[in-house]
Amino acid sequence: MKLKPGIDRRNFIAKTALGTLGAAGIITSCSGPSSKKEEIQLPKLLDQAPDGKVIKAGLIGCGGRGTGAAINFLDAGPNLQITALGDVFQDKIDNCRAKLKEEKNVEIADENCFMGFDSFEKVIDSGLDVVLLCTPPHFRPAHVEAAVNARKHVFMEKPIAVDPVGARSVMASAKKAEAAGLSMVSGTIRRVQKDYMETQRRVANGEIGEIAGANIIRNGGALWFRSRKPEWTDMEYMLRNWVNFCWLSGDHITEQFIHEVDVMNWHIGQNPLRAVGWGGRQRRVTGDQYDFFSIEYEYENGLRTHCAARQINGCTNKKVEQINGTNGYANAAGKIYDLKGNLVWEYPYPEEGDTESEWKVTNPFVQEHINLVTAIRTGNPISDAEAQVNSTLITIMGRISAYTGKDVTWEEMMNSDLYLGPKTYAFGPVPGIEEEIPKAGVPNTAG
């Protein structure tokens, strides 16, 4: 199979970064008669979506992030409602209902609260306009497909899959959504965060020269975990402890580090040819995942990037999103330096309490919903699905390489039949999925 050529960086940026906002005039000619290049400009970010008829949303996945996404949706503008909830656990539904009542004075009727593995179908069929997909990411591809088939607009939390089969499924659903005029927004947030957007715009316009590489790091403490209770079946244990099982979360390189990898992918503007990964486990006490990764990505023009992530308590924590250029480098969160390390530009954050400044940074967890609602009400569909499929696949490449000790290519991702998890869901045993840690260099290591 011939590799899909890398997407042109300028076109990629216009389509998947700024273009997701549905604003006109985001690429304009530079001033002056001798100008030969187009300069990317930022669209105006709205503080709230415009008013309009009521838009009803249903939440699928009522844990902490799902409940947060429902509140973010309600904060995005006027005449927005959460009308249905779905989860596999009653306590999650109960906690979500209580939080919505406490924070937003929103009450969800008993008849619109659905429990079980098929609850997503009942939420989708409950008479709404938008679905908020916030379950463990293993379930995302099937839920996206069902929502698009029902002609619903979609907010899908990151990541959008845990394996190549799921990622390609979401891409197929995204193409169907585009043809139907539906909007899709992903929860990777940085592409709608103004300080990141302005930095990326400057880098794309050449302020650090040609991009020559990137150094991306996310080191933090251990995530939460759940010890198994005697009354829990295998399935309940795994679902309640989902961030520690690869088939449910994709491991932390995919479930959390995707934020930083997506920033890298946004700047680089092409998919890597190959990933070479390392990783291991020292401190995790449940599940089958690693607690550190180090990945080198190689691109078709010889460009290389390095990405590393760690989740271990008691260590130095840091986040680095450095984009290296021929004339300087950028901290993707709002700073540009020359090659000697001198700061040459910094994002002009407004003074505390200044809510009128054009440089105000709206909470990106709300901004993504503002953009979604605006697209629906103006009839200008948006989608960042392709960018998020690519970023998800890039993290999966790195994970598989670290787990197996083998180089992994983009072509292999496009052809892989790797599917993680069971094909049917029920509370009880989960055949074929053991709580075993992958070992590099050992055949048949899980992906």
# chains A, B, ... in the order shown; residues from 1 in each chain; ligands from 1

$ residues_around --residues "A:Arg201" --least-positions-apart "4" --cutoff "8 Å" --atoms "only C-alpha atoms" --output "PyMOL selection string"
chain A and resi 40-42+197+205

$ residues_around --residues "A:Asn112" --least-positions-apart "4" --cutoff "7 Å" --atoms "only C-alpha atoms" --output "list in words"
Thr83, Ala84, Leu85 and Ile108 of chain A

$ write_last_selection --atoms "N, CA and C atoms" --output "PDB file, in the first residue's frame"
ATOM      1  N   THR A  83     -31.123  17.062  28.476  1.00  0.00           N
ATOM      2  CA  THR A  83     -32.440  16.433  28.648  1.00  0.00           C
ATOM      3  C   THR A  83     -32.383  14.930  28.889  1.00  0.00           C
ATOM      4  N   ALA A  84     -31.226  14.292  28.734  1.00  0.00           N
ATOM      5  CA  ALA A  84     -31.157  12.836  28.918  1.00  0.00           C
ATOM      6  C   ALA A  84     -29.771  12.438  29.375  1.00  0.00           C
ATOM      7  N   LEU A  85     -29.716  11.376  30.173  1.00  0.00           N
ATOM      8  CA  LEU A  85     -28.453  10.848  30.681  1.00  0.00           C
ATOM      9  C   LEU A  85     -28.404   9.345  30.453  1.00  0.00           C
ATOM     10  N   ILE A 108     -33.186  16.362  35.592  1.00  0.00           N
ATOM     11  CA  ILE A 108     -33.402  15.408  34.502  1.00  0.00           C
ATOM     12  C   ILE A 108     -34.493  14.434  34.947  1.00  0.00           C
TER      13      ILE A 108
END

$ closest_atom_pairs --of "stretch 124-217 of chain A" --to "stretch 236-248 of chain A" --cutoff "9 Å" --atoms "only C-alpha atoms" --output "tab-separated table"
residue	atom	partner	partner_atom	distance
A:Pro136	CA	A:Leu248	CA	5.7
A:Pro137	CA	A:Leu248	CA	6.1
A:His138	CA	A:Leu248	CA	4.8
A:Phe139	CA	A:Leu248	CA	7.8
A:Val162	CA	A:Trp247	CA	6.6
A:Asp163	CA	A:Trp247	CA	8.3

$ closest_atom_pairs --of "stretch 170-240 of chain A" --to "stretch 316-333 of chain A" --cutoff "6 Å" --atoms "only C-alpha atoms" --output "JSON lines"
{"residue": "A:Tyr196", "atom": "CA", "partner": "A:Ala333", "partner_atom": "CA", "distance": 5.0}
{"residue": "A:Thr199", "atom": "CA", "partner": "A:Ala332", "partner_atom": "CA", "distance": 5.9}
{"residue": "A:Ile208", "atom": "CA", "partner": "A:Gly328", "partner_atom": "CA", "distance": 4.6}
{"residue": "A:Gly209", "atom": "CA", "partner": "A:Asn327", "partner_atom": "CA", "distance": 4.9}
{"residue": "A:Glu210", "atom": "CA", "partner": "A:Gly325", "partner_atom": "CA", "distance": 5.3}
{"residue": "A:Ile211", "atom": "CA", "partner": "A:Gly325", "partner_atom": "CA", "distance": 4.2}
{"residue": "A:Ala212", "atom": "CA", "partner": "A:Gly325", "partner_atom": "CA", "distance": 4.9}
{"residue": "A:Gly213", "atom": "CA", "partner": "A:Asn324", "partner_atom": "CA", "distance": 5.1}
{"residue": "A:Ala214", "atom": "CA", "partner": "A:Ile323", "partner_atom": "CA", "distance": 4.5}
{"residue": "A:Asn215", "atom": "CA", "partner": "A:Gln322", "partner_atom": "CA", "distance": 5.2}
{"residue": "A:Ile216", "atom": "CA", "partner": "A:Glu321", "partner_atom": "CA", "distance": 4.8}
{"residue": "A:Ile217", "atom": "CA", "partner": "A:Val320", "partner_atom": "CA", "distance": 4.8}
{"residue": "A:Arg218", "atom": "CA", "partner": "A:Lys319", "partner_atom": "CA", "distance": 4.6}
{"residue": "A:Asn219", "atom": "CA", "partner": "A:Asn317", "partner_atom": "CA", "distance": 4.9}
{"residue": "A:Gly220", "atom": "CA", "partner": "A:Asn317", "partner_atom": "CA", "distance": 4.9}

$ write_last_selection --atoms "N, CA and C atoms" --output "short mmCIF file (atom, residue, chain, number, x, y, z; two decimals), in the first residue's frame"
data_model
loop_
_atom_site.label_atom_id
_atom_site.label_comp_id
_atom_site.auth_asym_id
_atom_site.auth_seq_id
_atom_site.Cartn_x
_atom_site.Cartn_y
_atom_site.Cartn_z
N TYR A 196 -2.83 29.42 22.72
CA TYR A 196 -2.25 28.39 21.85
C TYR A 196 -2.49 28.73 20.38
N THR A 199 -0.13 31.53 19.21
CA THR A 199 1.23 31.01 19.06
C THR A 199 1.36 30.19 17.79
N ILE A 208 9.40 31.42 13.53
CA ILE A 208 10.58 30.66 13.98
C ILE A 208 11.27 29.99 12.79
N GLY A 209 10.93 30.41 11.58
CA GLY A 209 11.49 29.79 10.39
C GLY A 209 10.75 28.51 10.04
N GLU A 210 11.44 27.63 9.36
CA GLU A 210 10.85 26.33 9.04
C GLU A 210 10.92 25.42 10.26
N ILE A 211 9.84 24.67 10.51
CA ILE A 211 9.83 23.76 11.65
C ILE A 211 10.85 22.64 11.42
N ALA A 212 11.68 22.42 12.44
CA ALA A 212 12.76 21.43 12.35
C ALA A 212 12.60 20.27 13.32
N GLY A 213 11.63 20.34 14.21
CA GLY A 213 11.43 19.26 15.18
C GLY A 213 10.59 19.74 16.35
N ALA A 214 10.42 18.87 17.32
CA ALA A 214 9.63 19.24 18.51
C ALA A 214 10.05 18.37 19.68
N ASN A 215 9.92 18.93 20.87
CA ASN A 215 10.18 18.21 22.12
C ASN A 215 8.94 18.36 22.99
N ILE A 216 8.25 17.24 23.26
CA ILE A 216 6.94 17.26 23.91
C ILE A 216 7.00 16.36 25.15
N ILE A 217 6.72 16.94 26.32
CA ILE A 217 6.82 16.18 27.57
C ILE A 217 5.61 16.47 28.44
N ARG A 218 5.08 15.42 29.07
CA ARG A 218 4.05 15.59 30.10
C ARG A 218 4.37 14.64 31.24
N ASN A 219 4.97 15.16 32.28
CA ASN A 219 5.29 14.37 33.46
C ASN A 219 4.42 14.82 34.62
N GLY A 220 3.78 13.88 35.27
CA GLY A 220 2.92 14.19 36.41
C GLY A 220 2.82 13.01 37.35
#

$ atom_distance --atom1 "atom CA of A:Arg310" --atom2 "atom CA of A:Gln289"
11.8 Å

$ residues_around --residues "stretch 362-366 of chain A" --least-positions-apart "3" --cutoff "8 Å" --atoms "only C-alpha atoms" --output "ChimeraX atom specification"
/A:47,69,72-73,75-76,187,189-190,192-194,369-370

$ residues_around --residues "stretch 48-64 of chain A" --least-positions-apart "3" --cutoff "7 Å" --atoms "only C-alpha atoms" --output "ChimeraX atom specification"
/A:67-68,70,76-87,92-93,96,120,123,128-135,370,373-374,377

$ closest_atom_pairs --of "stretch 150-254 of chain A" --to "stretch 414-418 of chain A" --cutoff "10 Å" --atoms "only C-alpha atoms" --output "Markdown table"
| residue | atom | partner | partner_atom | distance |
| --- | --- | --- | --- | --- |
| A:Val162 | CA | A:Leu418 | CA | 9.7 |
| A:Asp163 | CA | A:Leu418 | CA | 6.2 |
| A:Pro164 | CA | A:Leu418 | CA | 6.2 |
| A:Val165 | CA | A:Asp417 | CA | 6.0 |
| A:Gly166 | CA | A:Leu418 | CA | 9.0 |
| A:Ala167 | CA | A:Met414 | CA | 9.5 |
| A:Arg168 | CA | A:Met414 | CA | 7.8 |

$ residues_around --residues "A:Ala440" --least-positions-apart "2" --cutoff "7 Å" --atoms "only C-alpha atoms" --output "PDB file with N, CA and C atoms, in the first residue's frame"
ATOM      1  N   ALA A 402       6.196   0.955  21.948  1.00  0.00           N
ATOM      2  CA  ALA A 402       6.759   0.759  23.285  1.00  0.00           C
ATOM      3  C   ALA A 402       6.398  -0.611  23.850  1.00  0.00           C
ATOM      4  N   TYR A 403       5.146  -1.025  23.685  1.00  0.00           N
ATOM      5  CA  TYR A 403       4.713  -2.327  24.191  1.00  0.00           C
ATOM      6  C   TYR A 403       5.477  -3.484  23.540  1.00  0.00           C
ATOM      7  N   THR A 404       5.716  -3.386  22.244  1.00  0.00           N
ATOM      8  CA  THR A 404       6.300  -4.513  21.500  1.00  0.00           C
ATOM      9  C   THR A 404       7.811  -4.436  21.352  1.00  0.00           C
ATOM     10  N   GLY A 405       8.371  -3.223  21.475  1.00  0.00           N
ATOM     11  CA  GLY A 405       9.794  -3.054  21.202  1.00  0.00           C
ATOM     12  C   GLY A 405      10.115  -3.018  19.723  1.00  0.00           C
ATOM     13  N   PRO A 438       2.296  -5.596  29.375  1.00  0.00           N
ATOM     14  CA  PRO A 438       2.989  -5.923  28.139  1.00  0.00           C
ATOM     15  C   PRO A 438       4.508  -5.963  28.338  1.00  0.00           C
ATOM     16  N   VAL A 442       8.473  -9.581  23.361  1.00  0.00           N
ATOM     17  CA  VAL A 442       7.781 -10.859  23.503  1.00  0.00           C
ATOM     18  C   VAL A 442       6.668 -10.920  22.466  1.00  0.00           C
TER      19      VAL A 442
END

$ atom_distance --atom1 "atom CA of A:Val430" --atom2 "atom CA of A:Ile312"
28.3 Å

$ closest_residue --among "A:Ile382, A:Ala308, A:Val144, A:Ile437" --to "A:Ala179" --atoms "only C-alpha atoms"
A:Ile382

$ closest_residue --among "A:Pro272, A:Pro43, A:Gly432, A:Gly206" --to "A:Glu411" --atoms "only C-alpha atoms"
A:Pro272

$ closest_residue --among "A:Ile268, A:Asn380, A:Thr286, A:Arg151" --to "A:Asn301" --atoms "only C-alpha atoms"
A:Ile268

$ select_by_dssp --residues "stretch 117-321 of chain A" --states "alpha helix (DSSP H)" --output "ChimeraX atom specification"
/A:119-124,140-149,164-179,194-204,234-240,246-249,252-255,258-268

$ closest_residue --among "A:Gln311, A:Asn342, A:Thr254, A:Ser183" --to "A:Ile400" --atoms "only C-alpha atoms"
A:Thr254
